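Engineer: Next comes input_17.txt, compact mmCIF, C-alpha atoms:
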```txt
# COMPACT_ATOMS: atom_id res chain seq x y z
CA MET A 30 -28.15 38.33 31.82
CA GLY A 31 -28.82 35.03 30.09
CA THR A 32 -26.54 32.13 29.31
CA GLU A 33 -23.98 31.88 26.53
CA ILE A 34 -22.92 28.79 24.60
CA THR A 35 -19.66 28.94 22.70
CA LEU A 36 -17.44 26.86 20.47
CA ASP A 37 -13.94 27.35 21.87
CA VAL A 38 -10.46 26.22 21.01
CA ALA A 39 -7.99 26.57 23.87
CA GLY A 40 -10.22 29.21 25.42
CA VAL A 41 -10.62 31.25 22.22
CA SER A 42 -14.26 31.51 21.16
CA VAL A 43 -14.83 31.13 17.42
CA THR A 44 -18.62 31.47 17.62
CA TYR A 45 -21.26 31.87 20.29
CA SER A 46 -24.98 32.17 20.91
CA LYS A 47 -26.99 33.49 23.83
CA ASN A 48 -30.12 31.93 25.30
CA ARG A 49 -30.40 29.43 22.43
CA ARG A 50 -28.36 26.60 20.95
CA GLY A 51 -27.24 28.49 17.87
CA ILE A 52 -25.18 26.59 15.29
CA ASP A 53 -25.34 22.82 15.70
CA HIS A 54 -21.73 21.66 16.18
CA GLY A 55 -22.56 18.02 16.88
CA SER A 56 -21.06 16.95 13.55
CA ILE A 57 -17.50 17.69 14.64
CA PHE A 58 -17.78 15.42 17.69
CA GLN A 59 -18.43 11.77 18.50
CA GLU A 60 -20.15 10.25 21.51
CA GLN A 61 -16.87 9.50 23.30
CA ASP A 62 -16.18 13.26 23.29
CA ARG A 63 -19.01 13.93 25.75
CA THR A 64 -17.72 14.79 29.22
CA ALA A 65 -18.03 17.26 32.11
CA ILE A 66 -15.95 20.44 32.26
CA LYS A 67 -15.86 23.21 34.84
CA SER A 68 -17.79 26.30 33.73
CA ASN A 69 -17.51 29.93 34.81
CA GLN A 70 -21.25 30.26 34.18
CA LEU A 71 -22.12 28.03 37.11
CA ASP A 72 -22.34 29.15 40.74
CA TYR A 73 -20.37 26.40 42.46
CA ASP A 74 -20.94 27.93 45.90
CA TRP A 75 -24.67 27.36 45.39
CA TYR A 76 -24.10 23.73 44.41
CA GLU A 77 -22.02 23.23 47.55
CA GLU A 78 -24.57 24.87 49.78
CA GLU A 79 -27.40 22.83 48.28
CA GLY A 80 -25.37 19.63 48.29
CA GLU A 81 -26.12 19.17 44.61
CA ASP A 82 -23.78 17.57 42.09
CA PRO A 83 -22.84 20.14 39.38
CA THR A 84 -21.65 17.46 36.92
CA PRO A 85 -24.87 17.28 34.84
CA SER A 86 -24.68 21.05 34.36
CA GLU A 87 -21.05 20.84 33.20
CA THR A 88 -21.76 18.60 30.20
CA ALA A 89 -19.76 19.38 27.09
CA PHE A 90 -18.23 17.90 23.98
CA THR A 91 -14.47 18.24 23.76
CA ARG A 92 -11.96 16.90 21.26
CA PRO A 93 -8.32 17.77 20.45
CA LEU A 94 -8.04 20.08 17.45
CA LYS A 95 -5.93 17.59 15.48
CA HIS A 96 -8.78 15.07 15.74
CA VAL A 97 -11.37 17.66 14.73
CA VAL A 98 -9.55 18.44 11.47
CA PRO A 99 -10.45 15.21 9.59
CA ARG A 100 -14.10 15.84 10.41
CA LEU A 101 -13.87 19.47 9.31
CA GLU A 102 -12.46 18.39 5.97
CA LEU A 103 -15.30 15.94 5.34
CA LEU A 104 -17.65 18.83 6.09
CA GLY A 105 -15.94 20.76 3.30
CA PHE A 106 -13.49 22.86 5.29
CA ASN A 107 -10.10 22.02 3.82
CA LEU A 108 -7.38 24.62 3.34
CA GLU A 109 -8.37 25.35 -0.24
CA ARG A 110 -11.89 26.17 0.84
CA VAL A 111 -10.49 28.39 3.63
CA ARG A 112 -8.33 30.16 1.04
CA LEU A 113 -11.34 30.87 -1.18
CA GLU A 114 -13.31 32.20 1.77
CA TYR A 115 -10.45 34.42 2.91
CA ASP A 116 -9.97 35.84 -0.58
CA ALA A 117 -13.72 36.62 -0.78
CA VAL A 118 -13.67 38.27 2.64
CA ALA A 119 -10.57 40.31 1.77
CA GLN A 120 -12.04 41.45 -1.54
CA GLY A 121 -15.32 42.43 0.07
CA TRP A 122 -13.55 44.38 2.82
CA LEU A 123 -11.30 46.16 0.33
CA GLU A 124 -14.26 47.21 -1.82
CA GLU A 125 -16.08 48.52 1.25
CA ARG A 126 -13.05 50.53 2.36
CA GLN A 127 -12.56 51.98 -1.11
CA SER A 128 -16.21 53.02 -1.37
CA LEU A 129 -15.91 54.97 1.91
CA GLN A 130 -12.53 56.56 1.24
CA ASP A 131 -12.24 60.29 0.63
CA ASP A 132 -9.57 61.85 -1.56
CA ASP A 133 -7.65 63.22 1.42
CA ASP A 134 -7.68 59.98 3.41
CA GLU A 135 -4.54 57.96 4.05
CA PRO A 136 -3.91 55.27 1.43
CA ILE A 137 -5.49 51.93 2.29
CA PRO A 138 -2.74 49.53 3.37
CA GLY A 139 -2.40 46.39 1.31
CA LEU A 140 -4.36 43.56 2.86
CA MET A 141 -2.59 40.37 3.91
CA SER A 142 -2.47 37.65 1.32
CA PHE A 143 -3.88 34.32 2.44
CA GLU A 144 -0.34 33.04 2.97
CA GLU A 145 0.45 36.04 5.19
CA PHE A 146 -2.75 35.66 7.17
CA CYS A 147 -2.10 31.94 7.63
CA ALA A 148 1.44 32.69 8.81
CA PHE A 149 0.11 35.29 11.27
CA ALA A 150 -2.57 32.96 12.64
CA THR A 151 -0.13 30.10 13.17
CA ALA A 152 2.80 32.14 14.50
CA HIS A 153 1.15 32.55 17.89
CA PRO A 154 0.31 29.21 19.56
CA LEU A 155 -2.89 29.57 21.54
CA ASP A 156 -1.45 28.37 24.84
CA SER A 157 1.37 30.93 24.56
CA LEU A 158 -1.08 33.84 24.63
CA ASP A 159 -1.74 35.55 27.96
CA ASP A 160 -5.29 34.91 29.15
CA THR A 161 -5.14 37.21 32.17
CA PHE A 162 -8.39 39.17 32.49
CA ILE A 163 -7.76 42.91 32.06
CA LEU A 164 -10.42 45.19 33.52
CA GLY A 165 -10.50 48.75 32.26
CA THR A 166 -10.75 50.82 29.09
CA ASP A 167 -7.86 53.25 29.58
CA ASP A 168 -4.81 53.28 27.31
CA THR A 169 -2.71 51.23 29.72
CA SER A 170 -5.36 48.51 29.94
CA GLU A 171 -5.76 48.50 26.16
CA GLU A 172 -2.02 48.02 25.72
CA LYS A 173 -2.07 45.08 28.10
CA VAL A 174 -4.96 43.52 26.20
CA ARG A 175 -3.12 43.88 22.90
CA GLY A 176 0.02 42.43 24.43
CA ARG A 177 2.50 41.25 21.78
CA PHE A 178 0.30 42.70 19.04
CA ASN A 179 1.03 46.31 20.02
CA GLY A 180 2.69 48.11 17.13
CA MET A 181 1.72 45.55 14.49
CA GLN A 182 0.07 46.83 11.31
CA LEU A 183 -3.21 45.16 12.09
CA GLU A 184 -5.03 47.29 9.48
CA ARG A 185 -3.82 44.76 6.92
CA ILE A 186 -6.22 42.18 8.37
CA PRO A 187 -9.61 42.23 6.60
CA GLY A 188 -12.39 43.55 8.80
CA TYR A 189 -10.07 45.15 11.36
CA ARG A 190 -11.47 48.19 13.16
CA SER A 191 -9.44 49.17 16.20
CA TYR A 192 -12.47 50.76 17.89
CA ASP A 193 -14.66 47.72 17.36
CA ILE A 194 -12.62 44.97 19.01
CA GLN A 195 -13.97 43.97 22.41
CA ALA A 196 -11.40 41.85 24.21
CA TYR A 197 -10.32 41.27 27.79
CA SER A 198 -6.94 39.57 27.33
CA GLU A 199 -4.17 39.06 24.81
CA ARG A 200 -5.67 35.68 23.91
CA SER A 201 -9.18 36.99 23.34
CA PHE A 202 -7.75 39.92 21.33
CA PHE A 203 -5.97 37.46 19.04
CA GLY A 204 -9.21 35.52 18.71
CA ARG A 205 -11.01 38.63 17.48
CA LEU A 206 -8.27 39.27 14.92
CA VAL A 207 -8.50 35.85 13.28
CA ASP A 208 -12.23 35.30 13.75
CA ILE A 209 -13.18 36.78 10.36
CA LEU A 210 -14.16 33.52 8.68
CA HIS A 211 -16.65 30.71 9.22
CA PRO A 212 -15.85 29.25 12.67
CA TYR A 213 -14.82 25.93 11.10
CA SER A 214 -12.48 27.76 8.74
CA VAL A 215 -10.88 29.42 11.76
CA LEU A 216 -10.40 26.04 13.43
CA ARG A 217 -8.93 24.55 10.26
CA LEU A 218 -6.53 27.46 9.93
CA LEU A 219 -5.36 27.36 13.55
CA ALA A 220 -4.74 23.62 13.20
CA GLU A 221 -1.90 24.40 10.78
CA ALA A 222 0.22 25.31 13.80
CA ARG A 223 1.74 22.13 15.18
CA ALA A 224 1.71 23.69 18.65
CA ASN A 225 -2.11 23.90 18.45
CA GLU A 226 -2.69 20.22 17.60
CA GLY A 227 -3.58 19.26 21.16
CA ALA A 228 -5.66 22.37 21.83
CA PRO A 229 -9.10 21.31 23.15
CA VAL A 230 -12.09 22.22 21.00
CA VAL A 231 -15.01 22.60 23.44
CA TRP A 232 -18.75 22.95 22.92
CA GLN A 233 -20.23 23.16 26.41
CA TYR A 234 -24.00 22.98 26.55
CA GLY A 235 -24.64 21.97 30.16
CA PRO A 236 -25.15 25.51 31.52
CA LEU A 237 -27.56 26.34 28.67
CA VAL A 238 -29.65 23.25 29.38
CA ARG A 239 -29.50 23.91 33.13
CA ALA A 240 -30.84 27.43 32.58
CA GLY A 241 -33.73 26.06 30.52
CA TRP A 242 -32.77 27.67 27.22
CA ALA A 243 -32.33 24.33 25.41
CA ALA A 244 -33.12 20.65 25.79
CA GLU A 245 -30.40 18.04 26.13
CA ARG A 246 -31.79 16.15 23.12
CA GLU A 247 -30.64 19.06 20.93
CA PHE A 248 -27.01 18.10 21.51
CA VAL A 249 -26.29 15.00 19.49
CA PRO A 250 -22.85 14.03 18.14
CA HIS A 251 -21.81 12.36 14.85
CA ALA A 252 -22.23 13.32 11.22
CA ARG A 253 -25.75 14.22 10.15
CA ARG A 254 -27.37 12.17 7.41
CA THR A 255 -27.01 14.99 4.87
CA GLU A 256 -23.29 15.15 5.69
CA THR A 257 -22.58 11.45 5.26
CA PHE A 258 -21.30 9.74 2.12
CA LEU A 259 -22.96 6.76 0.51
CA ILE A 260 -20.25 4.40 -0.75
CA ALA A 261 -21.57 2.12 -3.48
CA THR A 262 -19.61 -1.00 -4.40
CA GLU A 263 -20.17 -3.89 -6.79
CA GLY A 264 -19.76 -6.64 -4.19
CA SER A 265 -20.21 -7.40 -0.52
CA SER A 266 -16.50 -8.10 0.01
CA ASP A 267 -15.71 -4.45 -0.77
CA VAL A 268 -18.29 -3.29 1.75
CA HIS A 269 -17.03 -5.52 4.55
CA ILE A 270 -13.38 -4.62 3.95
CA LEU A 271 -13.92 -0.87 3.65
CA LYS A 272 -16.19 -0.71 6.71
CA HIS A 273 -13.70 -2.68 8.79
CA ALA A 274 -10.76 -0.62 7.52
CA LEU A 275 -12.49 2.63 8.48
CA ALA A 276 -13.44 1.30 11.91
CA LEU A 277 -9.84 0.21 12.59
CA LEU A 278 -7.80 2.88 10.84
CA ARG A 279 -10.08 5.94 10.72
CA PRO A 280 -12.43 5.55 13.71
CA GLY A 281 -12.55 9.31 14.18
CA ILE A 282 -14.51 9.75 10.93
CA ALA A 283 -16.11 6.32 10.38
CA ASP A 284 -19.60 7.72 11.07
CA PHE A 285 -19.37 9.82 7.88
CA PHE A 286 -19.67 6.72 5.68
CA ARG A 287 -22.61 4.52 4.75
CA PHE A 288 -22.39 1.58 2.36
CA ILE A 289 -24.49 -0.20 -0.19
CA ASP A 290 -23.63 -3.41 -2.03
CA VAL A 291 -25.14 -2.93 -5.46
CA SER A 292 -24.94 -6.64 -6.21
CA GLU A 293 -27.46 -7.41 -3.46
CA SER A 294 -29.48 -4.33 -2.52
CA HIS A 295 -30.45 -1.46 -4.75
CA PRO A 296 -33.65 0.45 -5.60
CA PHE A 297 -33.50 -0.17 -9.34
CA SER A 298 -34.91 -3.57 -10.30
CA GLY A 299 -32.58 -5.58 -12.48
CA THR A 300 -29.75 -3.09 -12.34
CA GLY A 301 -27.11 -4.75 -10.23
CA ASN A 302 -24.36 -3.21 -12.33
CA LEU A 303 -22.71 -0.29 -10.53
CA VAL A 304 -22.78 1.90 -13.64
CA LYS A 305 -26.49 1.33 -14.10
CA PHE A 306 -27.01 2.11 -10.44
CA ALA A 307 -25.11 5.39 -10.83
CA GLU A 308 -27.12 6.27 -13.91
CA GLY A 309 -30.35 5.64 -12.03
CA LEU A 310 -29.36 7.83 -9.09
CA ALA A 311 -28.30 10.64 -11.40
CA LYS A 312 -31.60 10.53 -13.31
CA ILE A 313 -33.74 10.88 -10.20
CA ASP A 314 -31.54 13.70 -8.88
CA VAL A 315 -30.62 12.05 -5.58
CA GLN A 316 -29.18 14.63 -3.18
CA ASN A 317 -27.00 12.17 -1.24
CA GLN A 318 -23.25 12.49 -1.48
CA VAL A 319 -22.28 9.33 -3.34
CA VAL A 320 -18.98 7.70 -4.33
CA PHE A 321 -18.99 4.69 -6.66
CA VAL A 322 -15.97 2.48 -6.01
CA PHE A 323 -14.57 0.26 -8.76
CA ASP A 324 -11.84 -2.35 -8.48
CA ASN A 325 -8.44 -1.70 -10.03
CA ASP A 326 -8.91 -4.47 -12.57
CA ALA A 327 -10.11 -4.86 -16.15
CA GLU A 328 -13.75 -5.11 -15.17
CA GLY A 329 -13.43 -2.06 -12.95
CA LEU A 330 -11.60 -0.09 -15.64
CA ASP A 331 -14.28 -0.89 -18.21
CA ALA A 332 -17.06 0.13 -15.81
CA HIS A 333 -15.24 3.31 -14.72
CA GLN A 334 -14.76 4.35 -18.33
CA ARG A 335 -18.46 3.85 -19.00
CA LEU A 336 -19.29 5.88 -15.91
CA SER A 337 -17.11 8.73 -17.18
CA THR A 338 -19.43 9.10 -20.18
CA LEU A 339 -22.31 9.97 -17.86
CA THR A 340 -22.99 13.48 -16.64
CA LEU A 341 -22.96 13.07 -12.89
CA PRO A 342 -24.04 15.85 -10.53
CA GLU A 343 -21.42 17.41 -8.26
CA ASN A 344 -22.54 15.29 -5.32
CA MET A 345 -21.52 12.06 -7.09
CA ARG A 346 -18.13 10.72 -8.10
CA GLY A 347 -16.66 7.48 -9.33
CA ILE A 348 -13.21 6.19 -8.38
CA MET A 349 -11.06 3.17 -9.08
CA LEU A 350 -8.92 1.66 -6.38
CA PRO A 351 -5.48 3.29 -6.61
CA GLU A 352 -2.71 1.98 -8.82
CA LEU A 353 0.26 0.92 -6.69
CA GLU A 354 3.91 0.15 -7.30
CA ASP A 355 3.38 -3.10 -5.39
CA PHE A 356 1.33 -4.30 -8.35
CA ARG A 357 3.84 -3.44 -11.12
CA ALA A 358 5.52 -6.84 -10.87
CA PHE A 359 3.04 -9.19 -9.25
CA PRO A 360 3.06 -13.00 -9.68
CA ALA A 361 0.42 -13.96 -12.24
CA GLN A 362 -0.48 -17.41 -13.53
CA GLY A 363 -1.65 -17.84 -17.13
CA PRO A 364 -1.42 -20.22 -20.09
CA ASP A 365 2.28 -19.38 -20.41
CA GLY A 366 3.04 -20.15 -16.79
CA LEU A 367 3.84 -17.98 -13.78
CA HIS A 368 5.33 -14.56 -14.53
CA ASN A 369 5.61 -11.20 -12.79
CA SER A 370 3.09 -8.87 -14.41
CA ASP A 371 1.66 -5.41 -13.93
CA ILE A 372 -1.78 -6.16 -12.53
CA ASN A 373 -2.88 -2.52 -12.22
CA ARG A 374 -6.13 -2.09 -14.18
CA ARG A 375 -6.13 -5.82 -14.83
CA ALA A 376 -6.43 -7.87 -11.64
CA ALA A 377 -6.15 -5.72 -8.48
CA ALA A 378 -9.44 -6.22 -6.70
CA ILE A 379 -9.78 -4.90 -3.16
CA GLU A 380 -8.40 -8.12 -1.60
CA CYS A 381 -5.04 -7.34 -3.23
CA TYR A 382 -4.77 -4.32 -0.92
CA LEU A 383 -4.71 -6.52 2.16
CA ASP A 384 -1.70 -8.17 3.77
CA LEU A 385 -0.92 -11.08 1.44
CA GLU A 386 1.81 -12.50 3.68
CA VAL A 387 -0.57 -13.88 6.28
CA GLY A 388 -1.59 -17.50 6.63
CA GLY A 389 -0.12 -20.73 5.39
CA HIS A 390 -0.85 -20.37 1.69
CA PRO A 391 1.82 -20.32 -1.03
CA PRO A 392 2.99 -16.87 -2.17
CA ALA A 393 0.09 -14.77 -3.41
CA LYS A 394 -0.64 -14.72 -7.13
CA VAL A 395 -3.43 -13.82 -9.52
CA LEU A 396 -4.93 -16.15 -12.08
CA TRP A 397 -5.69 -14.76 -15.52
CA THR A 398 -9.30 -15.54 -16.46
CA ASN A 399 -11.34 -13.99 -19.26
CA TYR A 400 -10.14 -11.70 -22.05
CA LYS A 401 -11.67 -8.21 -22.21
CA LYS A 402 -11.85 -7.52 -25.92
CA SER A 403 -12.98 -3.91 -25.46
CA LEU A 404 -9.79 -3.18 -23.49
CA GLY A 405 -7.45 -5.59 -25.21
CA THR A 406 -6.38 -7.15 -21.93
CA TYR A 407 -7.08 -10.07 -19.61
CA GLN A 408 -9.04 -9.90 -16.38
CA GLY A 409 -7.40 -11.60 -13.40
CA ALA A 410 -8.41 -12.66 -9.91
CA LEU A 411 -6.41 -13.12 -6.73
CA GLU A 412 -6.06 -16.74 -5.66
CA TYR A 413 -7.51 -17.49 -2.20
CA LYS A 414 -8.97 -13.98 -2.01
CA GLU A 415 -11.69 -15.08 0.45
CA PHE A 416 -8.98 -16.25 2.84
CA TYR A 417 -7.18 -12.90 2.78
CA SER A 418 -10.47 -11.10 3.34
CA LYS A 419 -11.35 -13.26 6.35
CA GLU A 420 -7.91 -12.70 7.87
CA PHE A 421 -8.29 -8.96 7.58
CA LEU A 422 -11.75 -9.00 9.14
CA LYS A 423 -10.23 -10.80 12.15
CA GLN A 424 -7.86 -7.91 12.80
CA THR A 425 -8.42 -5.65 15.79
CA ALA A 426 -6.92 -2.39 16.95
CA GLU A 427 -4.66 -4.43 19.23
CA THR A 428 -3.34 -6.73 16.48
CA LEU A 429 -2.67 -3.77 14.21
CA ALA A 430 -0.85 -1.98 17.02
CA ALA A 431 1.42 -5.00 17.31
CA GLY A 432 2.66 -4.20 13.80
CA VAL A 433 2.41 -7.71 12.41
CA TYR A 434 -0.21 -6.89 9.77
CA ASP A 435 0.74 -4.78 6.73
CA ILE A 436 -1.81 -1.96 6.32
CA ARG A 437 0.06 0.17 3.76
CA LYS A 438 -2.04 -0.78 0.77
CA ILE A 439 -5.45 -0.55 2.42
CA GLU A 440 -4.38 2.81 3.87
CA SER A 441 -3.89 4.05 0.30
CA VAL A 442 -7.47 3.03 -0.51
CA LEU A 443 -8.83 4.97 2.46
CA ASP A 444 -6.72 8.01 1.58
CA LEU A 445 -8.16 8.08 -1.94
CA LEU A 446 -11.73 7.54 -0.75
CA ILE A 447 -11.49 10.30 1.86
CA ALA A 448 -9.89 12.70 -0.63
CA GLU A 449 -12.76 12.18 -3.08
CA CYS A 450 -15.36 12.63 -0.35
CA THR A 451 -13.66 15.82 0.79
CA ALA A 452 -13.72 17.12 -2.78
CA ILE A 453 -17.48 16.52 -2.94
CA ALA A 454 -17.98 18.31 0.39
CA VAL A 455 -15.85 21.28 -0.67
CA GLY A 456 -17.74 21.44 -3.97
CA LYS A 457 -20.97 22.15 -2.10
CA TRP A 458 -19.69 25.60 -1.22
CA GLY A 459 -20.46 28.09 -3.95
CA PRO A 460 -19.34 31.75 -4.30
CA ALA A 461 -22.28 32.88 -2.16
CA ASP A 462 -21.05 30.75 0.71
CA VAL A 463 -17.67 32.43 1.05
CA GLU A 464 -18.76 35.99 1.62
CA LEU A 465 -18.35 37.94 4.86
CA ARG A 466 -19.73 35.76 7.62
CA ASP A 467 -22.52 38.04 8.83
CA ALA A 468 -24.74 35.00 9.28
CA PHE A 469 -22.48 33.38 11.84
```
Is it possible to express this structure as structure tokens?

Structural biologist:
Amino acid sequence: MGTEITLDVAGVSVTYSKNRRGIDHGSIFQEQDRTAIKSNQLDYDWYEEEGEDPTPSETAFTRPLKHVVPRLELLGFNLERVRLEYDAVAQGWLEERQSLQDDDDEPIPGLMSFEEFCAFATAHPLDSLDDTFILGTDDTSEEKVRGRFNGMQLERIPGYRSYDIQAYSERSFFGRLVDILHPYSVLRLLAEARANEGAPVVWQYGPLVRAGWAAEREFVPHARRTETFLIATEGSSDVHILKHALALLRPGIADFFRFIDVSESHPFSGTGNLVKFAEGLAKIDVQNQVVFVFDNDAEGLDAHQRLSTLTLPENMRGIMLPELEDFRAFPAQGPDGLHNSDINRRAAAIECYLDLEVGGHPPAKVLWTNYKKSLGTYQGALEYKEFYSKEFLKQTAETLAAGVYDIRKIESVLDLLIAECTAIAVGKWGPADVELRDAF
């Protein structure tokens, strides 16, 4: 009979393979997600008779759906990508139906819009669906399998063929109805239902390894190198702060990011400038996903503007740290004394996004330094910035949980960085990648 391996969410299989690993789902999990789960593919009576521990054969990765979503998005599966895929699937199905329709056939019902399909998929929480196994192929058994979906106009769902749905319960029947997209698109769509947030996403490989169809070394968690993002910054302070912020505030996706400090280590001799580094990578057609991060100050603005004149490939983007209201009236010291000034695009280096109320220093302020003639503005620098950086690097998950450290501003930096990385990942999917998912 062989052994199956599936990717499930709350017992609904979104993809499977038999007698081989199939799709590598390690990227949506981390090492802490590895555990043992009971399996209906194991003969527990045999284990008991032999006095053998079944735990090694129960090995699986499992993670709540809400914690899978951020990883799906960095793999390119955000809602917009799901929409594009659904529209391609719907169009392909409609064209197929029209090509097979005879003049005397019933009119083809209008297919669900993406909004309608999303509403249908999220209106039925997975744990509310009956998972009772129904044995039989008679009309009564079929009605029980369909459950609440009896009488619905299911023909409006792309790909629906009433005679081609093999299901054994209401829950599995629902799974077949929504499983018309890439498995990660299905997961992303189902996550839109708040009631599904805690649903376990499970990839159990123990039985497959036990049966000899795969080796345990094939099941490795974390983002693959081709899926990670290289974050290039001008200075080491940016690297330390961003890495620490991700580890503390976004640990569930921290493995997607790698860093390089262009001021100290880069492959282009004599080109420590971030713009020159970007130009070099673009010229040699590097395939890495790269984001160049510039400070929200005059130097960063000048460099970002120069970067915008380059033709970067789709796998590369440049961003400035976000402009914030907190910086619209920020204490700034210059020749005319101390005044509140808008330091956006003038003096907001990454240290300004940390908690500036910590420590025993006087109130935070920037000091105006050199004049940028090309921009017609002064460059500024935060006073005691090394102190604020060191204080942030001392923070732990426990100190942040205590609520005594202000993380609002650094959160905004992470939000922008992740949004740009997601856009790069989504951009990898071309029209050919959103057709009917025969390959899955």

Engineer: Compile a residue-level contact table for segment 86-133 of chain A against segment 275-282 of chain A at a cut-off of 12 Å, reporting for every qualifying residue the shortest atom pair and its distance in Å to one decimal, with all atoms listed in the file counted, rows ordered by chain and ascending number, as CSV.

Structural biologist:
```
residue,atom,partner,partner_atom,distance
A:Arg92,CA,A:Gly281,CA,10.4
A:Pro93,CA,A:Gly281,CA,11.3
A:Lys95,CA,A:Gly281,CA,10.7
A:His96,CA,A:Gly281,CA,7.1
A:Val97,CA,A:Gly281,CA,8.5
A:Val98,CA,A:Gly281,CA,10.0
A:Pro99,CA,A:Ile282,CA,6.9
A:Arg100,CA,A:Ile282,CA,6.1
A:Leu101,CA,A:Ile282,CA,9.9
A:Glu102,CA,A:Ile282,CA,10.2
A:Leu103,CA,A:Ile282,CA,8.4
A:Leu104,CA,A:Ile282,CA,10.8
```

Engineer: Quote the spacing between atom CA of Tyr45 of chain A and atom CA of Asp208 of chain A in Å to one decimal place.

Structural biologist: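 So the answer is 11.7 Å.
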
Engineer: Show which residues sit within 12 Å of Gln120 of chain A, as a list in words. Count only C-alpha atoms, and ignore same-chain residues fewer than 3 positions away.

Structural biologist: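 The neighbour list is Leu113, Glu114, Tyr115, Asp116, Ala117, Leu123, Glu124, Glu125, Arg126, Gln127, Gly139, Leu140, Met141, Ser142, Phe143, Ile186, Pro187, Gly188, Val463, Glu464 and Leu465 of chain A.
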
Engineer: Within 12 Å of Leu158 of chain A, counting only C-alpha atoms, which residues show up once you throw out same-chain ones fewer than 6 positions away? Write them as an NGL selection string, please.

Structural biologist: :A and (39-41 or 152 or 173-178 or 198-204 or 225)

Engineer: Using all atoms listed in the file for the distances, tell me which of A:Leu385, A:Leu164, A:Val230, A:Ala148 is nearest to Ala196 of chain A.

Structural biologist: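 Closest to Ala196 of chain A, using all atoms listed in the file: A:Leu164.
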
Engineer: Just want the 12 Å neighbourhood of Lys312 of chain A, counted on all atoms listed in the file, with same-chain residues fewer than 6 positions away dropped. Output as a list in words.

Structural biologist: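 The residues that qualify are Phe297, Lys305, Phe306, Leu339, Thr340, Leu341, Pro342 and Met345 of chain A.
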
Engineer: Considering all atoms listed in the file, state which residue in the set A:Gly31, A:Gly241, A:Gly409, A:Pro212 is at the smallest distance from Val111 of chain A.

Structural biologist: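 Of A:Gly31, A:Gly241, A:Gly409, A:Pro212, the one nearest Val111 of chain A is A:Pro212, counting all atoms listed in the file.
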
Engineer: So that I can see what lies close to segment 453-456 of chain A, please list as a list in words the residues with an atom at most 9 Å from it, counting all atoms listed in the file and leaving out residues fewer than 6 positions away in the same chain.

Structural biologist: Glu102, Leu103, Leu104, Gly105, Phe106, Asn107, Glu109, Arg110, Glu256, Gln318, Val319, Glu343, Asn344, Met345 and Arg346 of chain A

Engineer: Under the rule that only C-alpha atoms are counted, which of A:Phe286, A:Leu422, A:Trp232, A:Asn373 is the nearest residue to Thr257 of chain A?

Structural biologist: A:Phe286

Engineer: Fewer than 4 positions away in the same chain doesn't count, so skip those; otherwise give me all residues within 12 Å of Val322 of chain A, counting all atoms listed in the file, as a JSON list (two decimals) with C-alpha atoms, in the coordinates of the input.

Structural biologist:
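result-v5.json written:
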```
[["chain", "number", "residue", "atom", "x", "y", "z"],
["A", 259, "LEU", "CA", -22.96, 6.76, 0.51],
["A", 260, "ILE", "CA", -20.25, 4.40, -0.75],
["A", 261, "ALA", "CA", -21.57, 2.12, -3.48],
["A", 262, "THR", "CA", -19.61, -1.00, -4.40],
["A", 263, "GLU", "CA", -20.17, -3.89, -6.79],
["A", 264, "GLY", "CA", -19.76, -6.64, -4.19],
["A", 267, "ASP", "CA", -15.71, -4.45, -0.77],
["A", 268, "VAL", "CA", -18.29, -3.29, 1.75],
["A", 271, "LEU", "CA", -13.92, -0.87, 3.65],
["A", 288, "PHE", "CA", -22.39, 1.58, 2.36],
["A", 289, "ILE", "CA", -24.49, -0.20, -0.19],
["A", 290, "ASP", "CA", -23.63, -3.41, -2.03],
["A", 291, "VAL", "CA", -25.14, -2.93, -5.46],
["A", 302, "ASN", "CA", -24.36, -3.21, -12.33],
["A", 303, "LEU", "CA", -22.71, -0.29, -10.53],
["A", 304, "VAL", "CA", -22.78, 1.90, -13.64],
["A", 306, "PHE", "CA", -27.01, 2.11, -10.44],
["A", 307, "ALA", "CA", -25.11, 5.39, -10.83],
["A", 326, "ASP", "CA", -8.91, -4.47, -12.57],
["A", 329, "GLY", "CA", -13.43, -2.06, -12.95],
["A", 330, "LEU", "CA", -11.60, -0.09, -15.64],
["A", 332, "ALA", "CA", -17.06, 0.13, -15.81],
["A", 333, "HIS", "CA", -15.24, 3.31, -14.72],
["A", 336, "LEU", "CA", -19.29, 5.88, -15.91],
["A", 345, "MET", "CA", -21.52, 12.06, -7.09],
["A", 346, "ARG", "CA", -18.13, 10.72, -8.10],
["A", 347, "GLY", "CA", -16.66, 7.48, -9.33],
["A", 348, "ILE", "CA", -13.21, 6.19, -8.38],
["A", 349, "MET", "CA", -11.06, 3.17, -9.08],
["A", 350, "LEU", "CA", -8.92, 1.66, -6.38],
["A", 351, "PRO", "CA", -5.48, 3.29, -6.61],
["A", 378, "ALA", "CA", -9.44, -6.22, -6.70],
["A", 379, "ILE", "CA", -9.78, -4.90, -3.16],
["A", 442, "VAL", "CA", -7.47, 3.03, -0.51],
["A", 443, "LEU", "CA", -8.83, 4.97, 2.46],
["A", 445, "LEU", "CA", -8.16, 8.08, -1.94],
["A", 446, "LEU", "CA", -11.73, 7.54, -0.75],
["A", 447, "ILE", "CA", -11.49, 10.30, 1.86],
["A", 449, "GLU", "CA", -12.76, 12.18, -3.08],
["A", 450, "CYS", "CA", -15.36, 12.63, -0.35]]
```

Engineer: If you measure from atom CA of Thr451 of chain A to atom CA of Phe285 of chain A, what distance in Å do you get, rounded to one decimal?

Structural biologist: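 Between these atoms lies a distance of 10.9 Å.
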